[in-house]
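Asker: Sharing a structure with you now.
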Amino acid sequence: MLSSNAILFGAAGTTTCATPASPYVSVNVETDNVLSPGESATVVLEFTTPTNAGIVYTTRVLTGPNAH
Ligand SMILES: [Ca+2]
C-alpha cells in the first residue's frame with residue numbers, strides 16, 4: 001500500500017495477483033531465483049513525492065511464478 005501522493009521510483013509494474021493493487025519492484029535473490037533459508041536480500045525503495053508531503057506505505061513480499 002502506498003499513499004496516493006507518492007510514486008514508487010523505478011517500479012517494475014503494478015501487482016495484479018493480490019489486492020490492493022500496488023507498485024512493485026523485483027528482488028534479486030541470486031541465480032537460483034529462490035530466497036533460501038539463511039539467505040538475505042536488501043531492497044532500497046525510493047519514492048517521488050510531488051507535494052513534498054509525508055507519505056504512508058506498507059510492504060509485502062510475494063513469491064512464486066508470476067507473483068506480481
Ligand atoms: Ca538464492
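Residues in the C-alpha cells are numbered from 1 in each chain, the chains being A, B, ... in the order shown, and ligands are numbered from 1 in the order shown.
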Kindly provide, as number ranges by chain, all nucleotide and amino acid residues lying within 8 Å of ligand 1, counting only C-alpha atoms and all ligand atoms.
Answerer: A: 29-36, 39
Asker: List the spatial neighbours of Leu2 (chain A) as a PyMOL selection string - criterion: any atom at most 9 Å away, only C-alpha atoms, same-chain residues fewer than 3 positions off excluded.
Answerer: chain A and resi 5-8+22-23+55-59
Asker: For Phe9 (chain A), find every residue with an atom within 12 Å (counting only C-alpha atoms), except residues of its own chain fewer than 6 positions away, and show them as a list in words.
Answerer: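 Contacts, in chain order: Leu2, Pro23, Tyr24, Val25, Val44, Leu45, Glu46, Phe47, Thr48, Thr49 and Pro50 of chain A.
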Asker: Would you mind reading off the distance between CA of Ser26 (chain A) and CA of Ala53 (chain A), one decimal, in Å?
Answerer: 26.4 Å
Asker: Can you list every residue in chain A that DSSP puts in strand (DSSP E), as a list in words?
Answerer: Ile7, Leu8, Gly13, Thr14, Pro23, Tyr24, Phe47 and Thr48 of chain A
Asker: Just checking: using only C-alpha atoms, which residue out of A:Pro37, A:Met1, A:Pro65, A:Val43 ends up closest to Thr19 (chain A)?
Answerer: A:Met1
Asker: For Pro20 (chain A), which residue out of A:Thr42, A:Asn52, A:Thr63, A:Ser3 is the nearest one, using only C-alpha atoms?
Answerer: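 With only C-alpha atoms as the atom set, the closest residue is A:Ser3.
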